[in-house]
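> Compact mmCIF, C-alpha atoms, saved as query32.txt, coming up:
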```
# COMPACT_ATOMS: atom_id res chain seq x y z
CA MET A 1 0.00 0.00 0.00
CA THR A 2 2.79 2.40 1.00
CA GLY A 3 4.62 1.54 -2.23
CA PHE A 4 1.53 2.28 -4.29
CA VAL A 5 1.08 5.68 -2.62
CA LEU A 6 4.76 6.52 -3.07
CA ARG A 7 4.71 5.53 -6.74
CA ARG A 8 1.58 7.62 -7.37
CA SER A 9 3.08 10.55 -5.47
CA ALA A 10 6.26 10.29 -7.54
CA VAL A 11 4.23 10.39 -10.79
CA VAL A 12 2.30 13.43 -9.60
CA LEU A 13 5.50 15.19 -8.48
CA CYS A 14 7.26 14.44 -11.79
CA SER A 15 4.19 15.62 -13.69
CA LEU A 16 4.22 18.88 -11.77
CA LEU A 17 7.92 19.43 -12.31
CA LEU A 18 7.90 18.56 -16.01
CA SER A 19 4.69 20.35 -16.92
CA GLY A 20 6.31 23.75 -16.73
CA CYS A 21 9.28 22.84 -18.92
CA GLY A 22 9.17 23.40 -22.64
CA THR A 23 9.73 25.92 -25.40
CA HIS A 24 6.85 28.06 -26.53
CA TYR A 25 6.69 29.22 -30.15
CA TRP A 26 4.52 31.79 -31.86
CA TYR A 27 3.63 31.14 -35.48
CA MET A 28 2.61 34.35 -37.20
CA GLY A 29 2.15 36.14 -40.48
CA ARG A 30 0.85 39.53 -41.50
CA MET A 31 -0.29 41.49 -44.52
CA GLU A 32 -2.17 44.63 -45.46
CA ALA A 33 -5.67 43.92 -46.65
CA LYS A 34 -9.14 45.35 -46.49
CA ASP A 35 -11.51 44.58 -43.64
CA SER A 36 -15.23 44.00 -44.05
CA ALA A 37 -15.84 47.75 -43.70
CA GLY A 38 -13.59 48.34 -46.71
CA LYS A 39 -10.74 49.92 -44.72
CA THR A 40 -7.14 48.93 -45.36
CA ARG A 41 -5.78 47.30 -42.20
CA ASP A 42 -2.83 45.42 -40.86
CA ILE A 43 -3.98 41.80 -40.67
CA LEU A 44 -2.31 39.32 -38.31
CA VAL A 45 -2.58 35.54 -38.34
CA TYR A 46 -1.21 33.62 -35.33
CA TRP A 47 -1.23 30.52 -33.19
CA GLY A 48 0.94 29.11 -30.40
CA ARG A 49 2.70 25.82 -29.79
CA THR A 50 4.71 24.43 -26.88
CA GLU A 51 7.27 21.69 -27.43
CA ARG A 52 8.34 19.63 -24.42
CA ALA A 53 11.07 17.02 -24.37
CA LEU A 54 9.57 14.94 -21.55
CA TRP A 55 5.88 15.74 -21.63
CA HIS A 56 3.05 16.19 -24.12
CA ASP A 57 3.46 19.00 -26.67
CA GLY A 58 0.74 21.65 -26.66
CA VAL A 59 -0.76 23.52 -29.58
CA ASP A 60 -3.60 25.99 -29.94
CA GLY A 61 -6.69 24.40 -31.42
CA GLY A 62 -7.32 27.40 -33.62
CA VAL A 63 -5.66 29.75 -36.09
CA ARG A 64 -6.69 33.35 -35.42
CA VAL A 65 -6.91 36.14 -37.97
CA LYS A 66 -7.06 39.55 -36.34
CA ALA A 67 -7.74 42.86 -38.07
CA GLN A 68 -6.13 46.08 -36.84
CA CYS A 69 -8.81 48.09 -34.93
CA GLY A 70 -11.19 45.23 -35.61
CA GLY A 71 -12.28 41.77 -34.63
CA THR A 72 -10.75 38.31 -34.71
CA ILE A 73 -12.03 35.25 -36.52
CA VAL A 74 -11.03 31.76 -35.46
CA TYR A 75 -10.36 28.81 -37.74
CA GLU A 76 -10.87 26.04 -35.19
CA GLU A 77 -9.60 22.50 -35.73
CA LYS A 78 -12.37 19.89 -35.75
CA GLU A 79 -12.73 16.41 -37.26
CA ASP A 80 -13.39 17.92 -40.70
CA GLY A 81 -10.50 20.38 -40.83
CA ILE A 82 -9.51 23.83 -39.64
CA LEU A 83 -12.63 25.89 -40.22
CA PHE A 84 -14.07 29.31 -39.48
CA ARG A 85 -17.71 28.56 -38.69
CA ALA A 86 -20.63 30.99 -38.67
CA ARG A 87 -21.39 32.30 -35.17
CA GLY A 88 -24.87 33.65 -35.70
CA SER A 89 -23.60 37.12 -36.51
CA ASP A 90 -22.27 36.29 -39.98
CA LEU A 91 -23.76 36.73 -43.44
CA THR A 92 -22.70 35.41 -46.83
CA ALA A 93 -20.55 37.79 -48.82
CA ALA A 94 -23.76 38.64 -50.70
CA GLY A 95 -25.51 39.52 -47.43
CA GLN A 96 -27.69 36.45 -46.92
CA PRO A 97 -28.05 34.87 -43.44
CA VAL A 98 -25.72 31.94 -42.80
CA PRO A 99 -26.98 29.03 -40.66
CA LEU A 100 -25.08 28.64 -37.39
CA GLY A 101 -22.03 26.46 -37.75
CA SER A 102 -21.88 26.67 -41.55
CA VAL A 103 -18.43 27.03 -43.05
CA CYS A 104 -17.41 30.69 -43.36
CA GLY A 105 -13.77 30.01 -44.13
CA ARG A 106 -11.11 27.36 -44.33
CA VAL A 107 -7.38 26.77 -43.82
CA PHE A 108 -6.21 24.91 -46.90
CA ASN A 109 -2.74 23.68 -45.97
CA ALA A 110 -3.53 21.04 -43.35
CA ALA A 111 -6.33 19.39 -41.38
CA LYS A 112 -4.60 19.83 -38.01
CA VAL A 113 -3.00 22.92 -36.52
CA ALA A 114 -0.08 20.81 -35.30
CA ASP A 115 0.74 20.03 -38.95
CA LEU A 116 1.00 23.69 -40.00
CA LYS A 117 4.59 24.81 -40.53
CA GLU A 118 6.65 27.90 -41.31
CA ASP A 119 5.45 28.15 -44.84
CA GLU A 120 2.74 29.76 -46.86
CA LEU A 121 -0.64 29.61 -45.14
CA GLN A 122 -3.66 29.77 -47.39
CA VAL A 123 -7.02 30.75 -45.92
CA ASP A 124 -10.27 32.04 -47.28
CA VAL A 125 -13.09 34.11 -45.86
CA GLN A 126 -16.54 33.50 -47.30
CA CYS A 127 -18.66 35.60 -44.94
CA ARG A 128 -19.02 39.10 -43.65
CA PRO A 129 -20.38 40.34 -40.31
CA LYS A 130 -23.98 41.34 -39.76
CA VAL A 131 -24.08 44.97 -38.65
CA THR A 132 -26.63 45.66 -35.89
CA ASP A 133 -27.20 48.37 -33.30
CA PHE A 134 -24.77 46.43 -31.05
CA SER A 135 -21.97 46.60 -33.64
CA THR A 136 -18.72 48.48 -33.10
CA SER A 137 -15.44 48.67 -35.01
CA LEU A 138 -14.64 45.28 -33.45
CA THR A 139 -17.44 43.73 -35.50
CA HIS A 140 -15.42 43.96 -38.70
CA TYR A 141 -12.97 41.30 -39.78
CA LEU A 142 -10.93 40.40 -42.82
CA GLN A 143 -12.89 41.01 -46.01
CA ALA A 144 -14.19 37.99 -47.94
CA GLY A 145 -11.54 36.61 -50.30
CA ARG A 146 -8.64 34.19 -50.49
CA TYR A 147 -5.33 35.08 -48.86
CA THR A 148 -1.80 33.71 -48.59
CA PHE A 149 0.24 34.57 -45.49
CA GLN A 150 3.95 33.90 -45.13
CA ILE A 151 4.34 32.28 -41.72
CA VAL A 152 7.38 32.71 -39.49
CA ARG A 153 8.08 30.97 -36.21
CA GLU A 154 9.54 32.79 -33.22
CA THR A 155 10.39 31.64 -29.74
CA GLY A 156 8.54 33.69 -27.17
CA PRO A 157 6.54 33.34 -23.99
CA VAL A 158 2.77 33.01 -23.97
CA GLU A 159 2.65 36.37 -22.19
CA LYS A 160 4.35 38.15 -25.13
CA PRO A 161 2.00 37.44 -28.07
CA PRO A 162 2.17 39.03 -31.50
CA ASP A 163 -0.34 41.74 -32.36
CA THR A 164 -1.42 43.93 -35.23
CA LYS A 165 -0.12 47.46 -35.57
CA PRO A 166 -1.76 49.73 -32.98
CA CYS A 167 -5.11 51.07 -34.03
CA ASP A 168 -3.85 54.63 -34.43
CA ALA A 169 -0.82 53.58 -36.51
CA PRO A 170 -0.89 54.58 -40.19
CA MET B 171 -35.93 48.29 -18.61
CA ALA B 172 -33.82 47.37 -21.64
CA VAL B 173 -30.22 47.01 -22.64
CA ASP B 174 -28.73 50.09 -24.29
CA PRO B 175 -26.03 49.12 -26.82
CA GLN B 176 -24.52 52.60 -26.52
CA LYS B 177 -23.62 52.05 -22.86
CA PRO B 178 -20.20 50.60 -21.97
CA ARG B 179 -20.06 46.82 -22.19
CA LYS B 180 -19.53 45.07 -18.85
CA VAL B 181 -17.63 41.86 -18.26
CA LEU B 182 -18.62 40.13 -15.03
CA VAL B 183 -15.87 37.74 -13.93
CA VAL B 184 -16.83 34.75 -11.77
CA HIS B 185 -13.93 33.06 -9.99
CA GLY B 186 -13.49 29.33 -9.46
CA VAL B 187 -12.31 27.25 -6.53
CA GLN B 188 -10.07 29.41 -4.41
CA SER B 189 -8.29 29.63 -1.14
CA GLY B 190 -8.41 32.91 0.77
CA THR B 191 -11.35 35.29 1.12
CA ASN B 192 -13.41 37.59 -1.09
CA ALA B 193 -10.72 40.24 -0.86
CA ASP B 194 -8.26 37.91 -2.63
CA GLN B 195 -10.44 37.52 -5.74
CA ASN B 196 -9.44 40.17 -8.26
CA GLN B 197 -9.26 38.22 -11.51
CA HIS B 198 -11.33 40.94 -13.20
CA GLU B 199 -8.19 43.10 -13.11
CA MET B 200 -6.34 40.51 -15.21
CA ILE B 201 -9.22 40.47 -17.71
CA ARG B 202 -9.35 44.26 -17.83
CA GLN B 203 -5.62 44.39 -18.56
CA LEU B 204 -5.85 41.59 -21.13
CA LEU B 205 -8.69 43.31 -23.00
CA GLN B 206 -6.96 46.67 -22.88
CA ALA B 207 -3.78 45.16 -24.28
CA ARG B 208 -5.52 43.24 -27.09
CA LEU B 209 -7.66 46.22 -28.09
CA ASN B 210 -4.31 47.74 -29.00
CA GLY B 211 -5.61 51.29 -29.11
CA ALA B 212 -9.01 50.53 -30.64
CA PRO B 213 -11.50 52.97 -29.11
CA PHE B 214 -13.95 50.86 -27.14
CA ALA B 215 -15.59 51.46 -23.76
CA PHE B 216 -15.85 48.54 -21.35
CA GLU B 217 -15.73 47.77 -17.64
CA ALA B 218 -14.75 44.59 -15.83
CA GLU B 219 -16.07 43.65 -12.43
CA MET B 220 -15.94 40.69 -10.10
CA TYR B 221 -18.61 38.42 -8.67
CA ARG B 222 -17.14 37.07 -5.43
CA TYR B 223 -18.61 34.23 -3.40
CA GLU B 224 -15.63 32.89 -1.49
CA ASN B 225 -17.01 34.19 1.81
CA ILE B 226 -20.21 32.16 1.32
CA ASN B 227 -18.06 29.07 0.77
CA ASP B 228 -15.88 29.89 3.75
CA GLU B 229 -18.91 30.36 6.01
CA ALA B 230 -20.37 27.04 4.84
CA GLN B 231 -17.10 25.27 5.62
CA ARG B 232 -16.41 27.04 8.90
CA SER B 233 -16.85 24.09 11.26
CA LEU B 234 -14.85 21.79 8.96
CA LYS B 235 -12.12 24.41 8.65
CA ASP B 236 -11.94 24.99 12.39
CA LEU B 237 -11.53 21.26 12.89
CA LEU B 238 -8.87 21.04 10.16
CA THR B 239 -7.00 24.05 11.58
CA LEU B 240 -7.03 22.52 15.05
CA PHE B 241 -5.76 19.22 13.62
CA LEU B 242 -2.99 20.87 11.58
CA ASP B 243 -1.98 23.07 14.49
CA ARG B 244 -1.54 19.98 16.63
CA LEU B 245 0.70 18.52 13.93
CA ASN B 246 2.49 21.84 13.54
CA ILE B 247 1.60 21.98 9.80
CA SER B 248 0.87 25.38 8.29
CA THR B 249 -1.14 26.78 5.39
CA PRO B 250 -0.70 24.62 2.24
CA LEU B 251 -2.78 21.74 3.56
CA GLY B 252 -5.31 24.22 4.90
CA ASP B 253 -5.60 25.67 1.37
CA VAL B 254 -6.30 22.19 -0.02
CA GLY B 255 -9.12 21.86 2.51
CA ASP B 256 -10.48 25.24 1.39
CA ILE B 257 -10.41 24.27 -2.29
CA VAL B 258 -11.91 20.80 -1.80
CA GLY B 259 -14.57 22.39 0.40
CA ASP B 260 -15.56 24.74 -2.45
CA VAL B 261 -16.17 21.76 -4.74
CA ILE B 262 -18.20 19.95 -2.07
CA VAL B 263 -20.38 23.04 -1.59
CA SER B 264 -21.16 23.00 -5.30
CA LEU B 265 -21.79 19.26 -5.52
CA GLU B 266 -24.03 19.21 -2.45
CA ASP B 267 -26.18 21.89 -4.08
CA GLY B 268 -27.44 22.99 -0.67
CA LYS B 269 -28.14 26.41 0.78
CA PRO B 270 -24.65 27.90 0.12
CA ALA B 271 -24.78 26.92 -3.58
CA HIS B 272 -28.28 28.42 -3.86
CA GLU B 273 -27.02 31.57 -2.16
CA ILE B 274 -24.10 31.82 -4.61
CA ARG B 275 -26.45 31.46 -7.60
CA ALA B 276 -28.96 33.93 -6.14
CA GLY B 277 -26.20 36.49 -5.62
CA LEU B 278 -24.97 36.09 -9.18
CA ARG B 279 -28.47 36.39 -10.57
CA ALA B 280 -29.10 39.52 -8.48
CA ARG B 281 -25.92 41.11 -9.83
CA ILE B 282 -26.89 40.25 -13.42
CA GLU B 283 -30.35 41.73 -12.96
CA ALA B 284 -28.90 44.89 -11.38
CA VAL B 285 -26.67 45.44 -14.43
CA TYR B 286 -29.68 44.79 -16.66
CA GLU B 287 -31.60 47.50 -14.76
CA ASP B 288 -28.71 49.86 -15.49
CA GLY B 289 -28.90 48.96 -19.19
CA ASN B 290 -25.27 47.92 -19.80
CA PRO B 291 -24.72 45.01 -22.19
CA LEU B 292 -23.33 42.29 -19.91
CA TYR B 293 -20.99 39.39 -20.68
CA ILE B 294 -19.99 36.73 -18.17
CA LEU B 295 -16.53 35.20 -18.00
CA ALA B 296 -16.32 32.33 -15.54
CA HIS B 297 -13.39 30.17 -14.49
CA SER B 298 -13.38 26.59 -13.25
CA LEU B 299 -16.13 25.92 -10.69
CA GLY B 300 -17.46 29.45 -11.25
CA SER B 301 -18.50 28.29 -14.73
CA ILE B 302 -20.91 25.79 -13.17
CA TYR B 303 -22.65 28.59 -11.26
CA ALA B 304 -22.63 30.87 -14.33
CA PHE B 305 -24.00 28.08 -16.55
CA ASP B 306 -26.80 27.38 -14.06
CA VAL B 307 -27.79 31.03 -13.65
CA VAL B 308 -27.86 31.75 -17.39
CA ASN B 309 -30.02 28.67 -17.96
CA GLU B 310 -32.24 29.67 -15.03
CA LEU B 311 -32.79 33.07 -16.65
CA VAL B 312 -33.59 31.46 -20.00
CA LYS B 313 -36.12 29.17 -18.32
CA ALA B 314 -37.65 31.93 -16.20
CA GLY B 315 -39.21 33.73 -19.15
CA GLY B 316 -39.54 37.49 -19.36
CA TYR B 317 -36.02 37.77 -20.74
CA PHE B 318 -34.23 36.64 -23.89
CA ASP B 319 -36.60 37.54 -26.71
CA ARG B 320 -34.49 36.13 -29.55
CA ASN B 321 -35.67 38.90 -31.84
CA SER B 322 -34.32 41.65 -29.57
CA ARG B 323 -30.99 41.52 -27.73
CA ARG B 324 -32.15 44.51 -25.70
CA THR B 325 -34.11 41.99 -23.60
CA TRP B 326 -31.03 39.90 -22.84
CA PRO B 327 -29.64 40.31 -19.31
CA VAL B 328 -26.55 38.41 -20.46
CA GLN B 329 -25.26 38.91 -24.01
CA GLY B 330 -22.67 36.12 -24.00
CA LEU B 331 -21.00 33.52 -21.81
CA VAL B 332 -17.29 32.66 -21.76
CA THR B 333 -16.02 29.75 -19.69
CA ILE B 334 -12.36 28.91 -19.08
CA GLY B 335 -11.00 25.73 -17.50
CA SER B 336 -14.55 24.54 -16.91
CA PRO B 337 -15.37 21.12 -15.46
CA VAL B 338 -18.89 21.37 -16.93
CA GLY B 339 -18.29 18.32 -19.12
CA LEU B 340 -17.40 16.04 -16.19
CA THR B 341 -20.13 13.54 -15.25
CA LEU B 342 -19.51 14.51 -11.61
CA PHE B 343 -21.35 17.80 -12.20
CA LYS B 344 -24.33 16.24 -14.00
CA ARG B 345 -24.81 19.02 -16.56
CA THR B 346 -25.58 17.63 -20.00
CA GLN B 347 -27.76 20.09 -21.87
CA VAL B 348 -28.76 23.70 -22.17
CA GLU B 349 -32.21 25.21 -21.72
CA ASN B 350 -33.64 26.00 -25.15
CA PHE B 351 -34.45 29.60 -26.00
CA ARG B 352 -37.78 30.41 -27.58
CA PRO B 353 -37.73 30.71 -31.40
CA GLY B 354 -36.23 33.84 -32.94
CA THR B 355 -33.44 35.13 -35.11
CA GLU B 356 -30.57 35.91 -32.71
CA SER B 357 -28.36 33.28 -31.09
CA PHE B 358 -26.76 33.37 -27.65
CA ARG B 359 -23.01 32.76 -27.72
CA TRP B 360 -21.24 30.47 -25.28
CA SER B 361 -17.51 30.06 -25.88
CA ASN B 362 -15.72 27.42 -23.84
CA TYR B 363 -11.89 27.49 -23.64
CA TRP B 364 -9.80 24.58 -22.47
CA ASP B 365 -6.23 23.34 -22.45
CA ARG B 366 -6.00 19.66 -23.36
CA THR B 367 -3.82 18.88 -20.34
CA ASP B 368 -6.03 20.69 -17.81
CA PRO B 369 -7.17 17.86 -15.52
CA VAL B 370 -10.04 19.90 -14.08
CA VAL B 371 -11.58 20.02 -17.56
CA THR B 372 -10.84 16.50 -18.76
CA GLY B 373 -10.82 14.56 -15.51
CA ALA B 374 -7.51 12.98 -16.59
CA ILE B 375 -5.63 13.07 -13.28
CA PHE B 376 -2.20 12.86 -14.91
CA GLY B 377 -3.01 15.39 -17.61
CA HIS B 378 -2.98 13.02 -20.58
CA PRO B 379 -4.45 15.09 -23.44
CA PRO B 380 -7.63 13.63 -24.97
CA ALA B 381 -8.16 13.52 -28.73
CA TYR B 382 -11.73 14.86 -28.79
CA TYR B 383 -12.69 18.45 -29.64
CA ASP B 384 -16.11 19.05 -28.13
CA ILE B 385 -17.22 19.61 -24.56
CA ALA B 386 -19.80 22.42 -24.46
CA GLU B 387 -20.90 21.77 -28.06
CA ARG B 388 -22.35 18.46 -26.88
CA PHE B 389 -24.89 20.39 -24.79
CA THR B 390 -27.21 20.99 -27.72
CA LYS B 391 -28.37 18.76 -30.53
CA SER B 392 -29.43 21.63 -32.77
CA ALA B 393 -27.92 25.08 -32.56
CA GLU B 394 -30.67 26.53 -34.74
CA THR B 395 -33.56 25.34 -32.59
CA SER B 396 -31.89 25.73 -29.19
CA GLY B 397 -30.80 29.31 -29.87
CA TRP B 398 -27.33 28.61 -28.48
CA ALA B 399 -24.22 29.31 -30.56
CA ILE B 400 -21.78 27.12 -28.66
CA GLU B 401 -18.09 26.93 -29.51
CA ASP B 402 -15.31 24.95 -27.90
CA HIS B 403 -11.82 26.40 -28.29
CA VAL B 404 -8.62 24.56 -27.41
CA LEU B 405 -5.83 26.78 -26.09
CA ASP B 406 -2.20 25.99 -25.46
CA THR B 407 -1.58 27.89 -22.23
CA GLY B 408 2.15 27.15 -22.43
CA SER B 409 1.76 25.22 -19.18
CA ALA B 410 0.51 21.72 -18.61
CA TRP B 411 -1.53 19.86 -16.02
CA LEU B 412 -2.58 21.90 -12.96
CA PRO B 413 -0.52 24.96 -13.99
CA ALA B 414 -2.58 24.95 -17.21
CA HIS B 415 -5.76 25.30 -15.16
CA VAL B 416 -4.66 28.70 -13.91
CA GLY B 417 -2.93 29.69 -17.15
CA TYR B 418 -5.87 31.07 -19.16
CA TRP B 419 -5.99 34.60 -17.79
CA HIS B 420 -3.15 35.98 -19.92
CA MET B 421 -3.97 34.24 -23.20
CA ALA B 422 -3.99 36.60 -26.20
CA ALA B 423 -6.42 34.32 -28.00
CA LEU B 424 -8.89 34.64 -25.12
CA GLY B 425 -8.45 38.42 -25.11
CA ASP B 426 -8.93 38.76 -28.87
CA ASP B 427 -12.01 36.50 -28.90
CA LEU B 428 -13.52 38.22 -25.87
CA ALA B 429 -12.98 41.67 -27.42
CA THR B 430 -14.69 40.42 -30.58
CA MET B 431 -17.61 38.98 -28.63
CA ILE B 432 -18.26 42.09 -26.54
CA GLY B 433 -17.76 44.36 -29.54
CA ASN B 434 -20.58 42.64 -31.43
```
For this file, produce the structure as structure tokens.


Amino acid sequence: MTGFVLRRSAVVLCSLLLSGCGTHYWYMGRMEAKDSAGKTRDILVYWGRTERALWHDGVDGGVRVKAQCGGTIVYEEKEDGILFRARGSDLTAAGQPVPLGSVCGRVFNAAKVADLKEDELQVDVQCRPKVTDFSTSLTHYLQAGRYTFQIVRETGPVEKPPDTKPCDAP
Amino acid sequence: MAVDPQKPRKVLVVHGVQSGTNADQNQHEMIRQLLQARLNGAPFAFEAEMYRYENINDEAQRSLKDLLTLFLDRLNISTPLGDVGDIVGDVIVSLEDGKPAHEIRAGLRARIEAVYEDGNPLYILAHSLGSIYAFDVVNELVKAGGYFDRNSRRTWPVQGLVTIGSPVGLTLFKRTQVENFRPGTESFRWSNYWDRTDPVVTGAIFGHPPAYYDIAERFTKSAETSGWAIEDHVLDTGSAWLPAHVGYWHMAALGDDLATMIGN
């Protein structure tokens, strides 16, 4: 019994010690493009990954595309790929309502975020946001179209993420 | 009484299992700083505030705590074990679903209704065990009627729910579905964030990451008819296992998504 408890305690202790070790990477790319309001913006794509020698690697489940002064859309990994799905506040590019969960965009390079590399990242946006009396500048996201980002990988802590240019930057 | 979209958005932060007292719960400050940083100069008015219930938990556990303190004092053992007792006690209070849990939910509901009276669009961000209380209160408000006309968000006392490190998917907590909204055009957003190694979310004691994607999304069979727009998001907090459970507060992805939700 004592042996069992000691073995379990050792596993828990090792888990605790090892869980903090690892190297965190930011994958990111940026370009100038128009947002859904038709304004030219700095557009950032990013996701994070942690590689650990003695423990499970970690990776964000989604690729985020953020517009300067605007909102962020998420291409979330699911069984059927890395997809931006309609959230109830999205319309087709032509302005028609999109059923909840319908595909509003896709990452073309891979089916899993863990398989995305420093390379070209191809995404598309098929929707645009519905503007209501609750809308603000944060409602707008990358304009519908197909885009290719050049991705770079940088070592950096979770607490120091990449960002777009500040909103008041030219 | 109606929500005014021109008023500053409010984010009500609900803490999870904690040691300490109400005065120690200031996670809303971390969320305020995160949002401010991720807005990156975008002009947008918001406020963050805290819903604290640790004193209700502490009061409910007083006799147990006194006994534990006496026991630890006799053994000359100081605070860490006492903190474990505090944290475990918080979970027991929730699972027992007795008077303290009812009091916690009633307090949260009262705060939500007070903000609704003021007319600010309100969003709830709840961590860990706090997400169970937040989930229950939102569903209680949906069921109550009088709120949540799906054709007018001005009747919504809560505009969106964000949960981080939530154990809501564990069978222990016996939550399996959401309360359906009445028919209408707008959908209520619930975004659930989790790290695959967070044992409080997955129940995997040693943090082994599961392969599945959905936790909250299982709570409705049809998004269209239920009125819930539920999304699960996996985050890599950069930490693993128990450190992951407290690693969500500084995540840029959470900040960017939350800014987008409250700005819509």

> In Å, with one decimal, what is the gap from CA of Ile334 in chain B to CA of Asp365 in chain B?

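Calculated distance between CA of Ile334 in chain B and CA of Asp365 in chain B is 8.9 Å.
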
> Find the residues around range 101-116 of chain A up to 7 Å (only C-alpha atoms counted), leave out those fewer than 6 positions away in its own chain, and share them as a PyMOL selection string.

chain A and resi 59+61-62+75+77+81-87+122-127

> Rounded to one decimal in Å, what is the spacing between CA of Lys177 in chain B and CA of Phe216 in chain B?

8.7 Å

> Using only C-alpha atoms, find each residue in chain B having at least one atom no more than 9 Å away from chain A; report its shortest atom-to-atom pair and that distance in Å (one decimal), rows by chain then rising number, as a tab-separated table.


```
residue	atom	partner	partner_atom	distance
B:Asp174	CA	A:Phe134	CA	8.6
B:Pro175	CA	A:Phe134	CA	5.2
B:Gln176	CA	A:Phe134	CA	7.7
B:Arg208	CA	A:Asp163	CA	7.5
B:Leu209	CA	A:Cys69	CA	7.2
B:Asn210	CA	A:Pro166	CA	5.1
B:Gly211	CA	A:Cys167	CA	5.0
B:Ala212	CA	A:Cys69	CA	4.9
B:Pro213	CA	A:Cys69	CA	8.1
B:Phe214	CA	A:Thr136	CA	8.0
B:Pro291	CA	A:Phe134	CA	9.0
B:Arg323	CA	A:Phe134	CA	8.6
B:Thr355	CA	A:Gly88	CA	8.7
B:Glu356	CA	A:Gly88	CA	6.8
B:Ser357	CA	A:Gly88	CA	5.8
B:Phe358	CA	A:Gly88	CA	8.3
B:Arg359	CA	A:Arg87	CA	7.6
B:Asp365	CA	A:Gly58	CA	8.3
B:Arg366	CA	A:Gly58	CA	7.8
B:Thr367	CA	A:Gly58	CA	8.3
B:Ile375	CA	A:Val12	CA	8.7
B:Phe376	CA	A:Val12	CA	7.0
B:Gly377	CA	A:Ser15	CA	8.2
B:His378	CA	A:His56	CA	7.7
B:Pro379	CA	A:His56	CA	7.6
B:Tyr382	CA	A:Lys78	CA	8.6
B:Tyr383	CA	A:Lys78	CA	6.3
B:Asp384	CA	A:Lys78	CA	8.5
B:Ala393	CA	A:Leu100	CA	6.6
B:Glu394	CA	A:Leu100	CA	6.5
B:Ala399	CA	A:Arg87	CA	6.2
B:Ile400	CA	A:Arg87	CA	8.3
B:Glu401	CA	A:Arg87	CA	8.5
B:Asp402	CA	A:Glu76	CA	8.6
B:His403	CA	A:Gly61	CA	6.3
B:Val404	CA	A:Gly61	CA	4.5
B:Leu405	CA	A:Asp60	CA	4.5
B:Asp406	CA	A:Asp60	CA	4.7
B:Thr407	CA	A:Val158	CA	6.9
B:Gly408	CA	A:Thr50	CA	5.8
B:Ser409	CA	A:Gly20	CA	5.4
B:Ala410	CA	A:Ser19	CA	4.7
B:Trp411	CA	A:Ser19	CA	6.3
B:Leu412	CA	A:Leu16	CA	7.5
B:Pro413	CA	A:Gly20	CA	7.5
B:Ala414	CA	A:Ser19	CA	8.6
B:His420	CA	A:Glu159	CA	6.2
B:Met421	CA	A:Val158	CA	6.9
B:Ala422	CA	A:Pro161	CA	6.3
B:Ala423	CA	A:Arg64	CA	7.5
B:Asp426	CA	A:Thr72	CA	6.1
B:Asp427	CA	A:Thr72	CA	6.2
B:Ala429	CA	A:Leu138	CA	7.2
B:Thr430	CA	A:Gly71	CA	4.9
B:Met431	CA	A:Thr139	CA	8.4
B:Ile432	CA	A:Leu138	CA	8.4
B:Gly433	CA	A:Leu138	CA	5.1
B:Asn434	CA	A:Ser135	CA	4.7
```

> Which residue out of B:Arg388, B:Val328, B:Gln203, B:Gly339 has the minimum interatomic distance to Arg281 in chain B when all atoms listed in the file are used?

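Ranked by minimum distance to Arg281 in chain B, first place goes to B:Val328.
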
> At what distance in Å, to one decimal, does CA of Asn350 in chain B lie from CA of Gly300 in chain B?

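It comes out at 21.6 Å.
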
> Just want the 8 Å neighbourhood of Leu428 in chain B, counted on all atoms listed in the file, with same-chain residues fewer than 4 positions away dropped. Output as a ChimeraX atom specification.

/B:205,332,424,432

> I want to know what sits within 7 Å of Leu331 in chain B, based on all atoms listed in the file, with residues of the same chain fewer than 6 positions away left out; could you give that as a list in words?

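Neighbouring residues, sequence-local ones excluded: Tyr293, Ile294, Leu295, Arg359, Trp360 and Ser361 of chain B.
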
> Could you tell me which of B:Gln195, B:Thr341, B:Asn290, B:Ser392 comes closest to Arg179 in chain B if we count only C-alpha atoms?

B:Asn290

> Find the residues near Lys117 in chain A: any atom within 9 Å, counting all atoms listed in the file, skip ones fewer than 2 places away on the same chain, and give them as a PyMOL selection string.

chain A and resi 27+113-115+119-121+151-153

> Would you mind telling me which residue in B:Glu219, B:Asp194, B:Glu287, B:Glu224 lies nearest to Val173 in chain B when using only C-alpha atoms?

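Nearest to Val173 in chain B: B:Glu287.
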
> Each side padded by 5 Å, which centre and which edge lengths in Å (one decimal) define the axis-aligned box around the listed atoms of range 132-149 of chain A? Give them as lines of an AutoDock Vina configuration file.


```
center_x = -13.5
center_y = 41.2
center_z = -40.8
size_x = 37.4
size_y = 25.0
size_z = 29.4
```

> Because some atoms of range 93-97 of chain A are absent here, can you restore N, CA and C atoms and send them as a PDB file, keeping the file's coordinate frame?


```
ATOM      1  N   ALA A  93     -21.144  36.586 -48.230  1.00  0.00           N
ATOM      2  CA  ALA A  93     -20.550  37.790 -48.820  1.00  0.00           C
ATOM      3  C   ALA A  93     -21.622  38.611 -49.538  1.00  0.00           C
ATOM      4  N   ALA A  94     -22.673  37.931 -50.005  1.00  0.00           N
ATOM      5  CA  ALA A  94     -23.760  38.640 -50.700  1.00  0.00           C
ATOM      6  C   ALA A  94     -24.801  39.205 -49.727  1.00  0.00           C
ATOM      7  N   GLY A  95     -24.618  38.927 -48.428  1.00  0.00           N
ATOM      8  CA  GLY A  95     -25.510  39.520 -47.430  1.00  0.00           C
ATOM      9  C   GLY A  95     -26.663  38.640 -46.981  1.00  0.00           C
ATOM     10  N   GLN A  96     -26.627  37.371 -47.349  1.00  0.00           N
ATOM     11  CA  GLN A  96     -27.690  36.450 -46.920  1.00  0.00           C
ATOM     12  C   GLN A  96     -27.337  35.822 -45.563  1.00  0.00           C
ATOM     13  N   PRO A  97     -28.345  35.528 -44.726  1.00  0.00           N
ATOM     14  CA  PRO A  97     -28.050  34.870 -43.440  1.00  0.00           C
ATOM     15  C   PRO A  97     -27.361  33.520 -43.645  1.00  0.00           C
TER      16      PRO A  97
END
```
